[in-house]
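Accompanying notes for the structure given below.
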Amino acid sequence: MNALVAGIEAGGTKFVCTVGTGPDDLRAVKSFPTTTPHETLGQAITFVHEQQTLAGAPVAAIGIACFGPVDLRPDSPTFGHITSTPKPSWGGTDVVGMFRDTFGVPVGFDTDVNGAALAESQWGAGVGLDPLVYVTVGTGVGGGVLVNGGLLHGLLHPEVGHVMVRRHVDDHFAGLCPYHGDCLEGLASGPAIQARWERPATDLGVDRDQAVKLESWYLAQLAASLTYLLSPERIIMGGGVLKLPGLLDAVRADTAAVINRYVDVPATSSQVDTYVVPPGLGDRAGILGGVALAQRALTQHTSAQRTSAQRSSQH
Ligand code: ZN
């Protein structure tokens, strides 16, 4: 039986909070819009307090799957902070510190997409697959990477949404990324679709087929690049934009066409339907990312305590 933990999906638009032990046991889920750090983190803390009272027990750990960029270097003085976000008033916010100081339990912290990759590898469409990539296409484009059982950080953390892509010949839209203009996110995010056709992705009317064609062309280039760079065993693609009817199938076909059997394995040709897949956890991949990060933080904390106890008993 897993311990009771709190999971928080800290998104740039909304926060989703839960308390539970796993996908089959989420006691409550609450979401609220992301406003100021003080108000929004305060609401999340209040929710956890309330749930602890209801459960009659404290949570053993907290996991935060956070919008970024975030500082994930454990020895950095700003570990657990949001760094250079364009989102007003959130830059420099010490997210981990607020929860650690309030609850005094281990806090797992990672990007929202790394959290979702971890959750999918434990309970969803990526069980037993490594490396595994989770991509979301919505307000932005992001991706989390699980490799050798761990989540990829390195210099910062992967930012797969900002790769450069070859422009479709029919696309004359300038692109929306404030940093790069026509990078992948600049051309293929939900806001890019809305700006190109001056209508939301859910209401494209006669332009829908053309939107699917362009979107698929760009996302297939991402899938091909991820294949070349990381050699994943599966690429999970989620987010609101992937709900465009026909888009996922188009991405699969285009991925196989772009790779053109250069990586000559069934996953990138005849079995591409099992290679580029939707999240097994559906819309819960993000919040379960928070739960998975909490459980992992608890496991790491317990094993570190055991190691230190063994060391002191040897002296
Ligand atoms: Zn960009």
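Numbering starts fresh at 1 for the residues of each chain in the structure tokens, the chains themselves are lettered A, B, ... in the order given, and ligands are numbered from 1 as they appear.
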Handout entry: Env. residues ligand 1 / 6 Å / only C-alpha atoms and all ligand atoms / as a PyMOL selection string
Key = chain A and resi 162+177+179-180+183+185-186
Keeping C-alpha atoms, export the residues of the selection given above as an mmCIF file, in the first residue's frame.
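Contents of selection16.cif, as written:
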```cif
data_model
loop_
_atom_site.group_PDB
_atom_site.id
_atom_site.type_symbol
_atom_site.label_atom_id
_atom_site.label_comp_id
_atom_site.auth_asym_id
_atom_site.auth_seq_id
_atom_site.Cartn_x
_atom_site.Cartn_y
_atom_site.Cartn_z
ATOM 1 C CA HIS A 162 11.645 25.268 -29.167
ATOM 2 C CA CYS A 177 7.486 32.553 -30.031
ATOM 3 C CA TYR A 179 12.291 34.275 -28.396
ATOM 4 C CA HIS A 180 12.499 32.559 -31.809
ATOM 5 C CA CYS A 183 10.320 27.651 -33.801
ATOM 6 C CA GLU A 185 6.095 26.241 -30.470
ATOM 7 C CA GLY A 186 5.859 29.474 -32.455
#
```
Practice task
For His301 of chain A, please output as number ranges by chain all residues within 12 Å (counting only C-alpha atoms; exclusion window: fewer than 3 positions along the same chain).
Solution key: A: 60-61, 105-108, 294-298, 304-308
Practice task
Just list the residues in segment 80-225 of chain A DSSP gives helix (DSSP H, G or I) on the backbone, as number ranges by chain.
Solution key: A: 95-103, 112-123, 160-162, 184-188, 190-197, 201-203, 205-225
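Residue nearest Asn2 of chain A within the list A:Cys17, A:Leu152, A:Val169, A:Ala292: A:Ala292 [criterion: smallest interatomic distance, only C-alpha atoms].
Proximity to Gly11 of chain A was assessed for A:Met98, A:Pro77, A:Ala220, A:Gly140 counting only C-alpha atoms; the smallest distance is recorded for A:Gly140.
Residues in contact with segment 22-24 of chain A at up to 9 Å, not including ones fewer than 4 positions away on its chain and judged by only C-alpha atoms, are Asn2, Leu4, Val5, Trp123, Leu281, Arg284, Leu288, Val291 and Ala292 of chain A.
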Handout entry: Separation of atom CA of Gly91 of chain A from atom CA of Gly42 of chain A in Å
Key = 16.9 Å
Problem - Among the residues A:Glu215, A:Glu39, A:Glu233, A:Glu9, the one that comes closest to Val277 of chain A [using only C-alpha atoms] - result: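 Among the listed residues, A:Glu233 lies closest to Val277 of chain A.
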Practice task
Would you please work out which residue, of A:Thr40, A:Thr18, A:Thr102, A:Thr274, is nearest to Ile236 of chain A when using only C-alpha atoms?
Solution key: A:Thr274
Exercise for the section: Would you work out the distance separating atom CA of Ser121 of chain A from atom CA of Leu146 of chain A, expressed in Å to one decimal? Expected result: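 Those two atoms sit 8.2 Å apart.
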Exercise for the section: Would you mind listing what lies within 12 Å of Tyr134 of chain A as a VMD selection string, with only C-alpha atoms counted and same-chain residues fewer than 2 positions away left out? Expected result: chain A and resid 111 to 121 124 to 126 129 to 132 136 to 137 141 to 147 151 to 152 158 to 161 222 to 223 226 232 to 239 275 to 281 285 to 286 289
Handout entry: Long-range neighbours of Ile64 of chain A as JSON, numbers by chain, 7 Å cut-off, only C-alpha atoms, 4 positions minimum in chain
Key = {"A": [7, 8, 9, 10, 108, 109, 110, 290, 293]}
Please produce a file of the residues just selected, as a PDB file, in the first residue's frame, where the atoms kept are N, CA and C atoms.
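Produced file selection_31.pdb, reproduced below:
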```pdb
ATOM      1  N   GLY A   7      -0.315  15.617  -4.684  1.00  0.00           N
ATOM      2  CA  GLY A   7       0.229  15.898  -6.014  1.00  0.00           C
ATOM      3  C   GLY A   7      -0.286  17.234  -6.504  1.00  0.00           C
ATOM      4  N   ILE A   8       0.604  18.040  -7.042  1.00  0.00           N
ATOM      5  CA  ILE A   8       0.202  19.364  -7.533  1.00  0.00           C
ATOM      6  C   ILE A   8       0.711  19.541  -8.955  1.00  0.00           C
ATOM      7  N   GLU A   9      -0.224  19.783  -9.866  1.00  0.00           N
ATOM      8  CA  GLU A   9       0.134  20.130 -11.236  1.00  0.00           C
ATOM      9  C   GLU A   9       0.087  21.648 -11.304  1.00  0.00           C
ATOM     10  N   ALA A  10       1.262  22.247 -11.288  1.00  0.00           N
ATOM     11  CA  ALA A  10       1.348  23.709 -11.242  1.00  0.00           C
ATOM     12  C   ALA A  10       1.502  24.225 -12.665  1.00  0.00           C
ATOM     13  N   GLY A 108       8.953  16.427  -3.943  1.00  0.00           N
ATOM     14  CA  GLY A 108       9.462  16.104  -5.280  1.00  0.00           C
ATOM     15  C   GLY A 108       9.112  17.247  -6.216  1.00  0.00           C
ATOM     16  N   PHE A 109      10.054  17.602  -7.068  1.00  0.00           N
ATOM     17  CA  PHE A 109       9.846  18.783  -7.905  1.00  0.00           C
ATOM     18  C   PHE A 109      10.447  18.535  -9.272  1.00  0.00           C
ATOM     19  N   ASP A 110       9.674  18.817 -10.317  1.00  0.00           N
ATOM     20  CA  ASP A 110      10.211  18.671 -11.670  1.00  0.00           C
ATOM     21  C   ASP A 110       9.321  19.464 -12.625  1.00  0.00           C
ATOM     22  N   GLY A 290       2.351  14.798 -10.521  1.00  0.00           N
ATOM     23  CA  GLY A 290       2.595  15.302  -9.170  1.00  0.00           C
ATOM     24  C   GLY A 290       2.638  14.158  -8.158  1.00  0.00           C
ATOM     25  N   LEU A 293       5.834  12.103  -8.623  1.00  0.00           N
ATOM     26  CA  LEU A 293       7.011  12.828  -8.105  1.00  0.00           C
ATOM     27  C   LEU A 293       7.051  12.768  -6.580  1.00  0.00           C
TER      28      LEU A 293
END
```
Shell around Thr202 of chain A at 12 Å using only C-alpha atoms, local window under 2 positions removed, as a compact mmCIF listing (two decimals) with N, CA, C and O atoms, in the first residue's frame:
```
# COMPACT_ATOMS: atom_id res chain seq x y z
N GLY A 138 -0.24 22.34 -26.37
CA GLY A 138 -1.40 23.10 -25.92
C GLY A 138 -1.07 24.58 -25.99
O GLY A 138 -0.68 25.08 -27.04
N GLY A 190 -1.28 25.89 -29.53
CA GLY A 190 -2.69 26.30 -29.65
C GLY A 190 -2.83 27.78 -30.01
O GLY A 190 -3.57 28.13 -30.95
N PRO A 191 -2.12 28.68 -29.29
CA PRO A 191 -2.20 30.11 -29.65
C PRO A 191 -1.71 30.39 -31.08
O PRO A 191 -2.22 31.31 -31.73
N ILE A 193 -2.14 28.36 -33.67
CA ILE A 193 -3.28 27.98 -34.53
C ILE A 193 -4.32 29.09 -34.52
O ILE A 193 -4.82 29.53 -35.56
N GLN A 194 -4.61 29.57 -33.31
CA GLN A 194 -5.62 30.61 -33.16
C GLN A 194 -5.21 31.89 -33.91
O GLN A 194 -6.03 32.52 -34.58
N TRP A 197 -5.32 31.35 -37.97
CA TRP A 197 -6.66 31.31 -38.57
C TRP A 197 -7.65 32.25 -37.90
O TRP A 197 -8.83 32.26 -38.22
N GLU A 198 -7.16 32.99 -36.91
CA GLU A 198 -7.99 33.95 -36.18
C GLU A 198 -9.22 33.30 -35.57
O GLU A 198 -10.30 33.91 -35.50
N ARG A 199 -9.07 32.02 -35.20
CA ARG A 199 -10.14 31.28 -34.52
C ARG A 199 -9.50 30.20 -33.66
O ARG A 199 -8.42 29.71 -34.01
N PRO A 200 -10.15 29.80 -32.55
CA PRO A 200 -9.56 28.74 -31.74
C PRO A 200 -9.51 27.40 -32.48
O PRO A 200 -10.30 27.17 -33.41
N LEU A 204 -12.39 25.61 -36.16
CA LEU A 204 -11.67 25.98 -37.38
C LEU A 204 -12.51 25.90 -38.64
O LEU A 204 -12.12 26.42 -39.69
N GLY A 205 -13.66 25.22 -38.57
CA GLY A 205 -14.54 25.13 -39.73
C GLY A 205 -13.83 24.55 -40.94
O GLY A 205 -13.15 23.52 -40.85
N VAL A 206 -13.95 25.24 -42.09
CA VAL A 206 -13.40 24.70 -43.34
C VAL A 206 -11.87 24.65 -43.33
O VAL A 206 -11.27 23.99 -44.16
N ASP A 207 -11.24 25.39 -42.40
CA ASP A 207 -9.77 25.40 -42.36
C ASP A 207 -9.20 24.21 -41.59
O ASP A 207 -7.99 24.07 -41.46
N ARG A 208 -10.08 23.36 -41.05
CA ARG A 208 -9.58 22.31 -40.17
C ARG A 208 -8.63 21.35 -40.86
O ARG A 208 -7.58 21.00 -40.31
N ALA A 211 -5.36 22.95 -41.21
CA ALA A 211 -4.71 23.06 -39.90
C ALA A 211 -4.09 21.74 -39.49
O ALA A 211 -2.96 21.68 -39.00
N VAL A 212 -4.83 20.65 -39.70
CA VAL A 212 -4.31 19.32 -39.37
C VAL A 212 -3.07 19.02 -40.21
O VAL A 212 -2.07 18.49 -39.72
N GLY A 240 -4.18 19.69 -25.46
CA GLY A 240 -5.44 20.06 -26.10
C GLY A 240 -5.41 20.02 -27.61
O GLY A 240 -6.39 19.61 -28.25
N VAL A 241 -4.30 20.43 -28.23
CA VAL A 241 -4.25 20.49 -29.69
C VAL A 241 -4.38 19.10 -30.31
O VAL A 241 -4.95 18.93 -31.40
N LEU A 242 -3.88 18.07 -29.62
CA LEU A 242 -3.96 16.70 -30.16
C LEU A 242 -5.40 16.19 -30.20
O LEU A 242 -5.66 15.12 -30.75
N LYS A 243 -6.33 16.96 -29.64
CA LYS A 243 -7.74 16.56 -29.72
C LYS A 243 -8.36 16.96 -31.06
O LYS A 243 -9.51 16.60 -31.33
N LEU A 244 -7.63 17.67 -31.90
CA LEU A 244 -8.12 17.95 -33.25
C LEU A 244 -8.37 16.62 -33.97
O LEU A 244 -7.46 15.81 -34.10
N PRO A 245 -9.61 16.38 -34.44
CA PRO A 245 -9.91 15.08 -35.06
C PRO A 245 -8.95 14.78 -36.22
O PRO A 245 -8.72 15.64 -37.08
```
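These are the residues of segment 106-149 of chain A assigned strand (DSSP E or B) by DSSP from backbone coordinates: A:Val107, A:Gly108, A:Phe109, A:Asp110, A:Thr111, A:Leu132, A:Val133, A:Tyr134, A:Val135, A:Thr136, A:Val137, A:Val141, A:Gly142, A:Gly143, A:Gly144, A:Val145, A:Leu146, A:Val147.
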Exercise for the section: Enter the distance from atom CA of Asp273 of chain A to atom CA of Leu247 of chain A, in Å, rounded to one decimal. Expected result: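 Value for the atom CA of Asp273 of chain A-atom CA of Leu247 of chain A distance: 12.6 Å.
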